[in-house]
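Structure file input-v3.cif with mmCIF, C-alpha atoms:
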data_entry
loop_
_atom_site.label_atom_id
_atom_site.label_comp_id
_atom_site.auth_asym_id
_atom_site.auth_seq_id
_atom_site.Cartn_x
_atom_site.Cartn_y
_atom_site.Cartn_z
CA MET M 1308 111.52 12.01 -58.81
CA THR M 1309 112.10 14.02 -55.66
CA ALA M 1310 115.70 14.76 -54.82
CA PRO M 1311 116.78 12.73 -51.77
CA VAL M 1312 118.18 14.41 -48.70
CA ARG M 1313 121.91 13.69 -48.54
CA THR M 1314 124.69 14.83 -46.28
CA ARG M 1315 127.55 13.92 -48.62
CA SER M 1316 128.08 15.44 -52.05
CA SER M 1317 128.96 13.51 -55.20
CA ALA M 1318 132.55 14.69 -54.91
CA ASP M 1319 132.71 13.59 -51.27
CA LEU M 1320 131.37 10.14 -52.08
CA ILE M 1321 133.75 9.66 -55.00
CA ARG M 1322 136.69 10.63 -52.79
CA ALA M 1323 135.46 8.28 -50.05
CA GLU M 1324 135.58 5.31 -52.44
CA GLU M 1325 139.23 5.83 -53.35
CA PRO M 1326 140.92 4.27 -50.28
CA VAL M 1327 138.39 1.49 -49.61
CA LEU M 1328 137.32 0.15 -53.04
CA ALA M 1329 139.48 -1.93 -55.34
CA HIS M 1330 140.26 0.10 -58.46
CA ASN M 1331 138.90 -2.40 -60.96
CA TYR M 1332 136.56 0.16 -62.54
CA HIS M 1333 136.98 3.69 -63.87
CA PRO M 1334 133.44 5.06 -63.71
CA LEU M 1335 132.32 8.42 -64.98
CA PRO M 1336 132.09 10.95 -62.12
CA VAL M 1337 128.34 10.75 -61.55
CA VAL M 1338 126.87 9.38 -58.30
CA VAL M 1339 123.41 7.98 -58.93
CA ALA M 1340 121.02 8.08 -55.98
CA ARG M 1341 117.60 7.45 -57.54
CA ALA M 1342 116.20 6.13 -60.79
CA GLU M 1343 112.92 5.46 -62.53
CA GLY M 1344 112.20 4.35 -66.06
CA THR M 1345 114.82 5.76 -68.41
CA TRP M 1346 116.00 8.49 -66.03
CA VAL M 1347 118.46 8.56 -63.14
CA GLU M 1348 119.17 11.28 -60.60
CA ASP M 1349 122.40 12.06 -58.81
CA VAL M 1350 122.98 13.04 -55.19
CA GLU M 1351 122.49 16.72 -55.97
CA GLY M 1352 119.24 16.08 -57.84
CA ARG M 1353 120.58 16.43 -61.40
CA ARG M 1354 118.71 14.21 -63.88
CA TYR M 1355 120.28 12.13 -66.66
CA LEU M 1356 118.83 10.09 -69.50
CA ASP M 1357 120.28 6.59 -69.17
CA MET M 1358 121.48 5.47 -72.60
CA LEU M 1359 123.46 2.48 -71.28
CA ALA M 1360 120.87 0.56 -69.23
CA GLY M 1361 123.46 -1.26 -67.16
CA TYR M 1362 124.99 -2.90 -70.25
CA SER M 1363 121.48 -4.27 -71.01
CA ALA M 1364 120.78 -5.41 -67.44
CA LEU M 1365 118.07 -2.72 -67.36
CA ASN M 1366 116.29 -3.58 -70.60
CA PHE M 1367 112.96 -2.80 -68.94
CA GLY M 1368 114.13 0.45 -67.38
CA HIS M 1369 114.83 1.27 -63.78
CA ARG M 1370 112.32 -0.10 -61.28
CA HIS M 1371 109.78 -1.42 -63.76
CA PRO M 1372 106.51 -1.64 -61.78
CA ALA M 1373 105.79 -5.27 -62.65
CA LEU M 1374 109.29 -6.36 -61.65
CA ILE M 1375 109.32 -4.31 -58.44
CA GLU M 1376 105.93 -5.76 -57.51
CA ALA M 1377 107.16 -9.30 -58.11
CA ALA M 1378 110.24 -8.66 -55.95
CA HIS M 1379 108.27 -7.06 -53.12
CA ARG M 1380 105.74 -9.88 -53.13
CA GLN M 1381 108.47 -12.50 -52.92
CA LEU M 1382 110.43 -10.60 -50.25
CA ASP M 1383 107.40 -10.97 -47.99
CA THR M 1384 107.40 -14.75 -48.20
CA LEU M 1385 110.72 -16.44 -49.03
CA THR M 1386 114.09 -15.30 -50.38
CA LEU M 1387 116.50 -18.26 -50.15
CA THR M 1388 116.47 -21.96 -49.46
CA SER M 1389 119.66 -23.01 -51.29
CA ARG M 1390 119.24 -25.96 -53.63
CA ALA M 1391 119.37 -28.31 -50.64
CA PHE M 1392 115.57 -28.01 -50.81
CA HIS M 1393 113.00 -27.27 -53.48
CA ASN M 1394 111.24 -23.90 -53.57
CA ASP M 1395 107.83 -23.02 -54.93
CA ARG M 1396 109.02 -20.51 -57.56
CA LEU M 1397 111.73 -22.38 -59.43
CA ALA M 1398 109.59 -24.70 -61.55
CA GLU M 1399 107.57 -21.81 -63.00
CA PHE M 1400 110.73 -19.88 -63.82
CA ALA M 1401 112.38 -22.83 -65.57
CA GLU M 1402 109.22 -23.77 -67.47
CA SER M 1403 108.59 -20.24 -68.71
CA LEU M 1404 112.22 -19.57 -69.69
CA ALA M 1405 112.51 -22.85 -71.59
CA GLU M 1406 109.29 -22.05 -73.44
CA LEU M 1407 110.41 -18.49 -74.25
CA THR M 1408 113.69 -19.68 -75.79
CA GLY M 1409 112.33 -22.80 -77.46
CA LEU M 1410 114.74 -25.05 -75.56
CA ASP M 1411 114.21 -27.80 -73.00
CA MET M 1412 116.06 -27.38 -69.72
CA VAL M 1413 117.44 -24.62 -67.50
CA LEU M 1414 120.51 -24.46 -65.28
CA PRO M 1415 119.96 -21.39 -63.05
CA MET M 1416 122.95 -19.38 -61.87
CA ASN M 1417 123.55 -15.77 -60.79
CA THR M 1418 126.01 -13.75 -62.87
CA GLY M 1419 126.76 -13.79 -66.56
CA ALA M 1420 130.27 -15.08 -65.95
CA GLU M 1421 128.81 -17.97 -63.94
CA ALA M 1422 126.56 -18.83 -66.88
CA VAL M 1423 129.58 -18.90 -69.21
CA GLU M 1424 131.63 -21.00 -66.79
CA SER M 1425 128.68 -23.36 -66.42
CA GLY M 1426 128.30 -23.61 -70.18
CA ILE M 1427 131.97 -24.51 -70.51
CA LYS M 1428 131.70 -27.24 -67.86
CA VAL M 1429 128.57 -28.68 -69.42
CA ALA M 1430 130.11 -28.68 -72.90
CA ARG M 1431 133.18 -30.56 -71.67
CA LYS M 1432 131.08 -33.10 -69.76
CA TRP M 1433 128.90 -33.59 -72.84
CA ALA M 1434 131.99 -34.08 -75.02
CA TYR M 1435 133.28 -36.88 -72.79
CA GLU M 1436 130.00 -38.65 -72.08
CA VAL M 1437 128.10 -38.18 -75.34
CA LYS M 1438 130.59 -37.39 -78.11
CA GLY M 1439 133.29 -39.70 -76.77
CA VAL M 1440 136.22 -37.28 -76.67
CA PRO M 1441 139.14 -38.83 -74.72
CA ALA M 1442 139.45 -37.63 -71.12
CA ASP M 1443 140.92 -34.14 -70.66
CA ARG M 1444 141.22 -33.58 -74.43
CA ALA M 1445 138.09 -31.51 -75.07
CA THR M 1446 138.53 -28.18 -76.83
CA ILE M 1447 136.22 -25.20 -77.26
CA VAL M 1448 136.46 -22.81 -80.21
CA VAL M 1449 135.94 -19.12 -79.42
CA ALA M 1450 136.22 -15.86 -81.34
CA ALA M 1451 138.85 -13.13 -81.07
CA GLY M 1452 137.53 -9.90 -79.59
CA ASN M 1453 135.16 -11.84 -77.35
CA PHE M 1454 133.92 -10.70 -73.98
CA HIS M 1455 132.38 -13.46 -71.88
CA GLY M 1456 133.42 -12.27 -68.41
CA ARG M 1457 136.53 -11.89 -66.30
CA THR M 1458 136.99 -15.12 -64.35
CA THR M 1459 140.33 -16.90 -64.66
CA THR M 1460 139.08 -19.46 -67.17
CA ILE M 1461 137.27 -16.87 -69.28
CA VAL M 1462 140.22 -14.46 -69.52
CA SER M 1463 142.29 -17.46 -70.60
CA PHE M 1464 140.66 -17.19 -74.04
CA SER M 1465 140.29 -13.40 -74.13
CA THR M 1466 142.33 -11.43 -76.66
CA ASP M 1467 142.10 -8.23 -74.60
CA PRO M 1468 145.52 -7.50 -73.05
CA GLU M 1469 143.92 -5.66 -70.11
CA ALA M 1470 141.78 -8.67 -69.27
CA ARG M 1471 144.67 -11.16 -69.52
CA GLY M 1472 147.73 -9.27 -68.35
CA GLY M 1473 149.05 -10.51 -65.01
CA PHE M 1474 146.46 -13.25 -64.51
CA GLY M 1475 148.21 -16.36 -65.84
CA PRO M 1476 148.79 -19.26 -65.90
CA PHE M 1477 145.82 -19.70 -68.18
CA THR M 1478 143.32 -22.51 -68.53
CA PRO M 1479 144.05 -24.67 -71.61
CA GLY M 1480 141.53 -26.16 -74.00
CA PHE M 1481 140.49 -23.16 -76.11
CA ARG M 1482 141.13 -22.30 -79.74
CA VAL M 1483 140.71 -18.66 -80.77
CA VAL M 1484 139.70 -17.83 -84.35
CA PRO M 1485 138.81 -14.49 -85.98
CA TYR M 1486 135.21 -13.40 -85.48
CA ASN M 1487 132.96 -13.51 -88.53
CA ASP M 1488 135.33 -15.91 -90.34
CA LEU M 1489 133.59 -19.21 -91.08
CA ALA M 1490 136.56 -20.75 -92.87
CA ALA M 1491 138.84 -20.17 -89.86
CA LEU M 1492 136.21 -21.53 -87.51
CA GLU M 1493 135.69 -24.68 -89.57
CA ALA M 1494 139.45 -25.25 -89.76
CA ALA M 1495 139.70 -25.08 -85.95
CA VAL M 1496 136.99 -27.69 -85.34
CA ASP M 1497 138.04 -31.33 -85.06
CA ASP M 1498 137.16 -34.54 -83.25
CA THR M 1499 138.12 -33.02 -79.88
CA THR M 1500 135.82 -30.01 -80.23
CA ALA M 1501 133.15 -29.92 -77.55
CA ALA M 1502 131.58 -26.63 -78.60
CA VAL M 1503 131.81 -23.38 -80.48
CA LEU M 1504 131.12 -20.53 -78.05
CA ILE M 1505 130.39 -17.14 -79.59
CA GLU M 1506 128.45 -13.94 -79.07
CA PRO M 1507 125.91 -13.44 -81.89
CA ILE M 1508 126.90 -9.75 -81.62
CA GLN M 1509 130.14 -8.78 -79.90
CA GLY M 1510 129.16 -6.06 -77.45
CA GLU M 1511 132.35 -5.10 -75.64
CA ALA M 1512 134.23 -5.10 -78.95
CA GLY M 1513 132.01 -2.24 -80.14
CA VAL M 1514 128.69 -3.91 -81.09
CA LEU M 1515 130.21 -5.90 -83.95
CA ILE M 1516 127.52 -7.52 -86.08
CA PRO M 1517 128.62 -10.49 -88.22
CA ASP M 1518 127.80 -10.84 -91.90
CA GLU M 1519 124.41 -12.24 -92.86
CA GLY M 1520 124.72 -16.03 -92.89
CA TYR M 1521 127.53 -16.25 -90.35
CA LEU M 1522 125.36 -17.62 -87.55
CA ARG M 1523 123.70 -20.09 -89.91
CA GLY M 1524 127.18 -21.12 -90.98
CA VAL M 1525 128.26 -21.67 -87.38
CA ARG M 1526 125.18 -23.81 -86.84
CA GLU M 1527 125.96 -25.89 -89.94
CA VAL M 1528 129.65 -26.31 -89.05
CA THR M 1529 128.82 -27.51 -85.55
CA ARG M 1530 126.13 -29.83 -86.82
CA ARG M 1531 128.49 -31.47 -89.32
CA ALA M 1532 131.27 -31.72 -86.73
CA GLY M 1533 129.01 -33.17 -84.07
CA CYS M 1534 129.77 -30.48 -81.52
CA LEU M 1535 127.65 -27.94 -79.64
CA PHE M 1536 126.81 -24.39 -80.68
CA ILE M 1537 126.64 -22.21 -77.55
CA ALA M 1538 125.40 -18.65 -78.02
CA ASP M 1539 126.34 -16.10 -75.38
CA GLU M 1540 123.23 -13.88 -75.38
CA ILE M 1541 123.93 -12.26 -72.02
CA GLN M 1542 123.96 -8.77 -73.59
CA SER M 1543 122.25 -9.41 -76.91
CA GLY M 1544 119.32 -11.45 -75.62
CA LEU M 1545 115.93 -10.73 -74.09
CA GLY M 1546 114.67 -8.10 -76.50
CA ARG M 1547 117.72 -5.90 -77.01
CA THR M 1548 118.07 -6.46 -80.77
CA GLY M 1549 114.36 -6.49 -81.65
CA ARG M 1550 114.01 -10.25 -81.17
CA THR M 1551 113.91 -12.34 -78.02
CA LEU M 1552 117.34 -13.70 -78.97
CA ALA M 1553 119.80 -12.22 -81.45
CA VAL M 1554 120.24 -15.62 -83.15
CA GLU M 1555 116.62 -15.33 -84.29
CA HIS M 1556 117.68 -12.77 -86.90
CA GLU M 1557 119.05 -15.75 -88.83
CA ASP M 1558 116.44 -18.28 -87.64
CA VAL M 1559 119.13 -20.25 -85.83
CA MET M 1560 118.60 -22.51 -82.82
CA PRO M 1561 121.80 -23.16 -80.82
CA ASP M 1562 122.21 -26.19 -78.59
CA ALA M 1563 122.59 -23.89 -75.58
CA VAL M 1564 121.97 -20.22 -74.87
CA LEU M 1565 123.62 -18.27 -72.07
CA LEU M 1566 121.44 -15.59 -70.48
CA GLY M 1567 121.96 -13.03 -67.73
CA LYS M 1568 121.82 -9.26 -67.19
CA ALA M 1569 118.20 -8.40 -68.19
CA LEU M 1570 117.01 -11.75 -66.82
CA GLY M 1571 117.26 -10.20 -63.33
CA GLY M 1572 115.34 -7.09 -64.34
CA GLY M 1573 118.00 -4.81 -62.89
CA ILE M 1574 116.96 -5.99 -59.43
CA VAL M 1575 118.89 -9.16 -58.62
CA PRO M 1576 121.65 -11.10 -60.43
CA VAL M 1577 120.00 -13.89 -62.42
CA SER M 1578 121.62 -15.97 -65.15
CA ALA M 1579 121.01 -19.29 -66.79
CA VAL M 1580 122.20 -21.89 -69.23
CA VAL M 1581 119.19 -22.89 -71.32
CA ALA M 1582 119.80 -25.92 -73.50
CA ARG M 1583 118.58 -29.04 -75.18
CA ARG M 1584 117.75 -31.85 -72.79
CA GLU M 1585 120.56 -34.04 -74.11
CA VAL M 1586 123.07 -31.33 -73.17
CA LEU M 1587 122.04 -30.45 -69.63
CA SER M 1588 121.15 -34.04 -68.76
CA VAL M 1589 124.86 -34.82 -68.40
CA LEU M 1590 124.91 -33.07 -65.01
CA ARG M 1591 124.36 -35.14 -61.89
CA PRO M 1592 124.01 -34.13 -58.24
CA GLY M 1593 127.23 -32.76 -56.80
CA GLU M 1594 128.89 -31.97 -60.15
CA HIS M 1595 127.82 -28.33 -60.35
CA GLY M 1596 125.86 -25.90 -58.23
CA SER M 1597 125.36 -22.51 -56.62
CA THR M 1598 123.95 -21.62 -53.22
CA PHE M 1599 122.02 -18.69 -54.66
CA GLY M 1600 121.36 -20.12 -58.13
CA GLY M 1601 117.62 -20.50 -58.63
CA ASN M 1602 116.74 -18.80 -55.34
CA PRO M 1603 113.05 -17.89 -54.90
CA LEU M 1604 113.60 -14.13 -55.22
CA ALA M 1605 115.58 -14.54 -58.42
CA ALA M 1606 113.03 -17.01 -59.79
CA ALA M 1607 110.15 -14.65 -59.03
CA VAL M 1608 111.83 -11.71 -60.76
CA GLY M 1609 113.01 -13.90 -63.64
CA SER M 1610 109.49 -15.20 -64.17
CA ALA M 1611 108.19 -11.62 -64.26
CA VAL M 1612 110.84 -10.74 -66.86
CA VAL M 1613 109.76 -13.67 -69.04
CA GLU M 1614 106.15 -12.54 -68.69
CA LEU M 1615 107.07 -9.07 -69.99
CA LEU M 1616 108.72 -10.65 -73.02
CA ARG M 1617 105.99 -13.16 -73.71
CA THR M 1618 103.77 -10.68 -75.58
CA GLY M 1619 106.54 -9.49 -77.89
CA GLU M 1620 105.84 -5.84 -77.00
CA PHE M 1621 109.40 -5.06 -75.95
CA GLN M 1622 110.93 -6.87 -78.90
CA GLN M 1623 108.71 -4.80 -81.22
CA ARG M 1624 109.63 -1.57 -79.44
CA ALA M 1625 113.34 -2.34 -79.86
CA ALA M 1626 112.85 -3.05 -83.56
CA GLU M 1627 110.78 0.08 -84.23
CA LEU M 1628 112.89 2.44 -82.14
CA GLY M 1629 115.98 0.87 -83.66
CA VAL M 1630 114.97 2.61 -86.89
CA VAL M 1631 114.95 5.95 -85.05
CA LEU M 1632 118.38 5.15 -83.63
CA ARG M 1633 119.84 4.20 -87.00
CA ASP M 1634 118.34 7.24 -88.75
CA GLY M 1635 119.71 9.58 -86.09
CA LEU M 1636 123.19 8.08 -86.28
CA THR M 1637 123.17 8.08 -90.08
CA ALA M 1638 122.62 11.83 -89.98
CA LEU M 1639 125.77 12.21 -87.85
CA VAL M 1640 128.07 10.23 -90.14
CA GLY M 1641 130.63 12.68 -91.52
CA ARG M 1642 129.77 15.12 -88.76
CA GLY M 1643 132.02 13.71 -86.08
CA VAL M 1644 130.87 10.11 -86.47
CA LEU M 1645 133.04 7.93 -88.70
CA GLY M 1646 130.59 5.04 -88.72
CA PHE M 1647 128.36 2.88 -86.56
CA ARG M 1648 126.87 -0.57 -86.18
CA ALA M 1649 123.34 -0.99 -84.85
CA ARG M 1650 120.76 -3.69 -84.33
CA GLY M 1651 117.56 -2.94 -82.46
CA LEU M 1652 118.25 -0.55 -79.59
CA TRP M 1653 121.97 -1.25 -79.52
CA ALA M 1654 124.72 0.61 -81.32
CA GLY M 1655 128.48 1.02 -81.36
CA VAL M 1656 129.40 4.50 -82.58
CA ASP M 1657 132.88 5.30 -83.86
CA ILE M 1658 133.79 8.91 -83.06
CA ASP M 1659 136.42 10.72 -85.11
CA PRO M 1660 139.56 10.41 -82.93
CA ALA M 1661 140.47 13.96 -83.91
CA ILE M 1662 137.45 15.09 -81.91
CA GLY M 1663 138.08 13.02 -78.81
CA THR M 1664 138.31 9.63 -77.17
CA GLY M 1665 135.23 7.65 -76.32
CA ARG M 1666 135.64 8.56 -72.67
CA GLU M 1667 135.98 12.26 -73.44
CA ILE M 1668 132.78 12.23 -75.51
CA SER M 1669 131.03 10.22 -72.77
CA ARG M 1670 132.10 12.80 -70.20
CA ARG M 1671 130.82 15.68 -72.35
CA LEU M 1672 127.51 13.91 -72.84
CA MET M 1673 127.30 13.34 -69.08
CA ASP M 1674 127.76 17.08 -68.54
CA ARG M 1675 124.69 17.59 -70.76
CA GLY M 1676 122.54 14.99 -69.00
CA ILE M 1677 123.12 11.91 -71.19
CA LEU M 1678 124.80 8.77 -69.81
CA VAL M 1679 126.68 6.49 -72.22
CA LYS M 1680 129.84 4.42 -71.93
CA ASP M 1681 132.92 4.19 -74.06
CA THR M 1682 134.69 1.10 -75.24
CA HIS M 1683 137.94 0.68 -77.15
CA GLY M 1684 139.46 3.94 -78.37
CA SER M 1685 136.91 6.43 -79.68
CA THR M 1686 133.90 4.11 -79.75
CA ILE M 1687 130.86 4.70 -77.53
CA ARG M 1688 128.00 2.31 -76.91
CA LEU M 1689 124.33 3.22 -76.92
CA ALA M 1690 121.91 0.77 -75.31
CA PRO M 1691 118.96 2.62 -73.76
CA PRO M 1692 116.23 0.80 -71.86
CA LEU M 1693 113.62 -0.68 -74.18
CA THR M 1694 111.12 1.65 -72.48
CA VAL M 1695 112.81 4.74 -73.98
CA THR M 1696 110.52 6.94 -76.06
CA ALA M 1697 111.22 8.13 -79.59
CA ALA M 1698 111.37 11.70 -78.28
CA GLU M 1699 113.96 10.76 -75.65
CA LEU M 1700 115.99 8.90 -78.22
CA ARG M 1701 115.96 11.81 -80.66
CA SER M 1702 116.88 14.19 -77.85
CA ALA M 1703 119.90 12.06 -76.89
CA LEU M 1704 121.06 11.86 -80.51
CA GLY M 1705 120.57 15.59 -80.87
CA THR M 1706 122.73 16.16 -77.81
CA LEU M 1707 125.40 13.88 -79.28
CA GLY M 1708 125.34 15.98 -82.43
CA GLU M 1709 125.71 19.17 -80.38
CA VAL M 1710 128.66 17.73 -78.47
CA LEU M 1711 130.39 16.73 -81.69
CA ARG M 1712 129.82 20.16 -83.24
CA VAL M 1713 131.16 21.97 -80.16
CA VAL M 1714 134.35 19.96 -79.87
CA SER M 1715 135.05 19.93 -83.62
#
Please render this file's structure as structure tokens.
Amino acid sequence: MTAPVRTRSSADLIRAEEPVLAHNYHPLPVVVARAEGTWVEDVEGRRYLDMLAGYSALNFGHRHPALIEAAHRQLDTLTLTSRAFHNDRLAEFAESLAELTGLDMVLPMNTGAEAVESGIKVARKWAYEVKGVPADRATIVVAAGNFHGRTTTIVSFSTDPEARGGFGPFTPGFRVVPYNDLAALEAAVDDTTAAVLIEPIQGEAGVLIPDEGYLRGVREVTRRAGCLFIADEIQSGLGRTGRTLAVEHEDVMPDAVLLGKALGGGIVPVSAVVARREVLSVLRPGEHGSTFGGNPLAAAVGSAVVELLRTGEFQQRAAELGVVLRDGLTALVGRGVLGFRARGLWAGVDIDPAIGTGREISRRLMDRGILVKDTHGSTIRLAPPLTVTAAELRSALGTLGEVLRVVS
């Protein structure tokens, strides 16, 4: 990459944001100007290995050639029609995504939060029309520690004080149970339950992986109770864990899967509810929609993403490189790392609080050319693009080890 010509420094640009941008984020002080593959470059031309990949939105790396080509090709013909009309790219996208996931129908949206909101609406409609729950009585069971987005309805069932504080009154109709606790989940399900909505792996909570058999148990509980199993695979899906979907590690098929992030290839926001026909068939014209949902540009990029996943190459890379990731982290346990959880190319790493907070370690890694992001307390998340090489991965883990040695 050639350093771009800029007239404003990183420090200038960060200062310029302060009075004009809402302070809803606390980013690390790096100003990215260019990116390609697994590497990004700041305004001054400093290069960094991206070990976050946009929270899995960049599973295929920055500016993957096949995705950029698909976007450019579509930009030259048609970008938006709204759903007032058909467009020539949407059928292919829906067909290919349904086939990839093994489900029947697709409801295209834009952001991950929109996919979750859409899944909630569909589950309630299904409960009233198919299950026969009395009007306005439908409930949805969710797990503590969840992160499904930050809309008003979604934060209503969050257990994160930062996400909830100051945003009430909250939307009713949700029952929160401990994650990875089948007995608690089963006790919360009754005749009013429309769905159980969970993340197969809780990302924001620190990449929490449930016990073997938990997802199969959720599937069995929902089947017996006659309610839906909705899996939020917005971060865990599309190759991240070494399978197309994280639920595949337990050979489970939910009634609906929520997708986003990587579905847009890091180019445009693309999300979707993918579900059994019986579930999505409850929607009728006028009951739900989105001006940009299913737009031709998004459909073209989404179709190209599905094509990349069709061969299984990226899923295999995540599985194989996941071994390198786990081995490297295992070597750091007791040397500044208290423990970690990893599946595929995704890990939550618990740093000894005596050494530093997650943000402090992230900042020190940034100073050495590695970009990661902290989550609660002293935990950092690692989620490199699936295009990362073994050498790059080992280098990043080596740098983490150096940082931990220096500060300890």
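When all atoms listed in the file are used to measure the gap to Arg1688 in chain M, the shortest distance among M:Val1564, M:Ala1649, M:Ile1505, M:Ala1401 belongs to M:Ala1649.
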Option closest in space to Ser1403 in chain M, from M:Asp1498, M:Glu1614, M:Asp1681, M:Glu1424 [counting only C-alpha atoms]: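 Looking at the shortest contact to Ser1403 in chain M, the residue is M:Glu1614.
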Best match for closeness to Val1449 in chain M among M:Phe1536, M:Thr1408, M:Val1630, M:Val1514, counting all atoms listed in the file: M:Phe1536
Contacts of Arg1523 in chain M at 8 Å or less, counting all atoms listed in the file, minus same-chain residues fewer than 6 places along, as a PyMOL selection string? chain M and resi 1557-1559
Prev. selection, C-alpha atoms, output as a PDB file, in the coordinates of the input:
ATOM      1  CA  GLU M1557     119.050 -15.750 -88.830  1.00  0.00           C
ATOM      2  CA  ASP M1558     116.440 -18.280 -87.640  1.00  0.00           C
ATOM      3  CA  VAL M1559     119.130 -20.250 -85.830  1.00  0.00           C
TER       4      VAL M1559
END
Exercise: range 1568-1570 of chain M partners within 8 Å, all atoms listed in the file, chain neighbours under 3 positions left out, as JSON, numbers by chain: {"M": [1362, 1363, 1364, 1365, 1366, 1367, 1418, 1419, 1541, 1542, 1545, 1573, 1576, 1577, 1578, 1608, 1609, 1612, 1613]}
Which residue gives the smallest distance to Gln1381 in chain M among M:Leu1535, M:Val1423, M:Leu1590, M:Ala1611, with all atoms listed in the file counted? M:Ala1611
Taking 3 positions as the minimum chain separation for residues in the same chain, which residues sit within 6 Å of Thr1664 in chain M when counting all atoms listed in the file? Answer as JSON, numbers by chain. {"M": [1660, 1667, 1684, 1685]}
How about completing range 1648-1653 of chain M with all heavy atoms and giving it to me as an mmCIF file, in the frame of the given file?
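Saved to part.cif:
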data_model
loop_
_atom_site.group_PDB
_atom_site.id
_atom_site.type_symbol
_atom_site.label_atom_id
_atom_site.label_comp_id
_atom_site.auth_asym_id
_atom_site.auth_seq_id
_atom_site.Cartn_x
_atom_site.Cartn_y
_atom_site.Cartn_z
ATOM 1 N N ARG M 1648 127.514 0.716 -85.984
ATOM 2 C CA ARG M 1648 126.870 -0.570 -86.180
ATOM 3 C C ARG M 1648 125.691 -0.634 -85.222
ATOM 4 O O ARG M 1648 125.860 -0.347 -84.030
ATOM 5 C CB ARG M 1648 127.844 -1.723 -85.897
ATOM 6 C CG ARG M 1648 129.058 -1.724 -86.818
ATOM 7 C CD ARG M 1648 130.265 -2.337 -86.178
ATOM 8 N NE ARG M 1648 130.653 -1.656 -84.939
ATOM 9 C CZ ARG M 1648 131.309 -0.503 -84.898
ATOM 10 N NH1 ARG M 1648 131.665 0.123 -86.013
ATOM 11 N NH2 ARG M 1648 131.624 0.053 -83.743
ATOM 12 N N ALA M 1649 124.516 -0.998 -85.711
ATOM 13 C CA ALA M 1649 123.340 -0.990 -84.850
ATOM 14 C C ALA M 1649 122.418 -2.154 -85.184
ATOM 15 O O ALA M 1649 122.280 -2.533 -86.353
ATOM 16 C CB ALA M 1649 122.575 0.328 -84.987
ATOM 17 N N ARG M 1650 121.821 -2.707 -84.169
ATOM 18 C CA ARG M 1650 120.760 -3.690 -84.330
ATOM 19 C C ARG M 1650 119.793 -3.516 -83.177
ATOM 20 O O ARG M 1650 120.184 -3.596 -82.016
ATOM 21 C CB ARG M 1650 121.304 -5.109 -84.385
ATOM 22 C CG ARG M 1650 120.209 -6.176 -84.496
ATOM 23 C CD ARG M 1650 120.686 -7.408 -85.218
ATOM 24 N NE ARG M 1650 120.837 -7.176 -86.653
ATOM 25 C CZ ARG M 1650 121.389 -8.064 -87.495
ATOM 26 N NH1 ARG M 1650 121.841 -9.221 -87.034
ATOM 27 N NH2 ARG M 1650 121.488 -7.803 -88.772
ATOM 28 N N GLY M 1651 118.532 -3.262 -83.506
ATOM 29 C CA GLY M 1651 117.560 -2.940 -82.460
ATOM 30 C C GLY M 1651 118.009 -1.697 -81.725
ATOM 31 O O GLY M 1651 118.504 -0.740 -82.329
ATOM 32 N N LEU M 1652 117.850 -1.702 -80.408
ATOM 33 C CA LEU M 1652 118.250 -0.550 -79.590
ATOM 34 C C LEU M 1652 119.650 -0.760 -79.031
ATOM 35 O O LEU M 1652 119.872 -0.722 -77.815
ATOM 36 C CB LEU M 1652 117.231 -0.319 -78.466
ATOM 37 C CG LEU M 1652 116.021 0.506 -78.871
ATOM 38 C CD1 LEU M 1652 115.013 0.583 -77.719
ATOM 39 C CD2 LEU M 1652 116.418 1.903 -79.316
ATOM 40 N N TRP M 1653 120.591 -0.973 -79.918
ATOM 41 C CA TRP M 1653 121.970 -1.250 -79.520
ATOM 42 C C TRP M 1653 122.885 -0.769 -80.625
ATOM 43 O O TRP M 1653 122.706 -1.145 -81.789
ATOM 44 C CB TRP M 1653 122.148 -2.749 -79.309
ATOM 45 C CG TRP M 1653 123.334 -3.160 -78.496
ATOM 46 C CD1 TRP M 1653 124.094 -2.389 -77.679
ATOM 47 C CD2 TRP M 1653 123.872 -4.487 -78.409
ATOM 48 N NE1 TRP M 1653 125.079 -3.140 -77.084
ATOM 49 C CE2 TRP M 1653 124.957 -4.430 -77.521
ATOM 50 C CE3 TRP M 1653 123.538 -5.695 -79.011
ATOM 51 C CZ2 TRP M 1653 125.708 -5.548 -77.210
ATOM 52 C CZ3 TRP M 1653 124.281 -6.809 -78.704
ATOM 53 C CH2 TRP M 1653 125.361 -6.752 -77.807
#
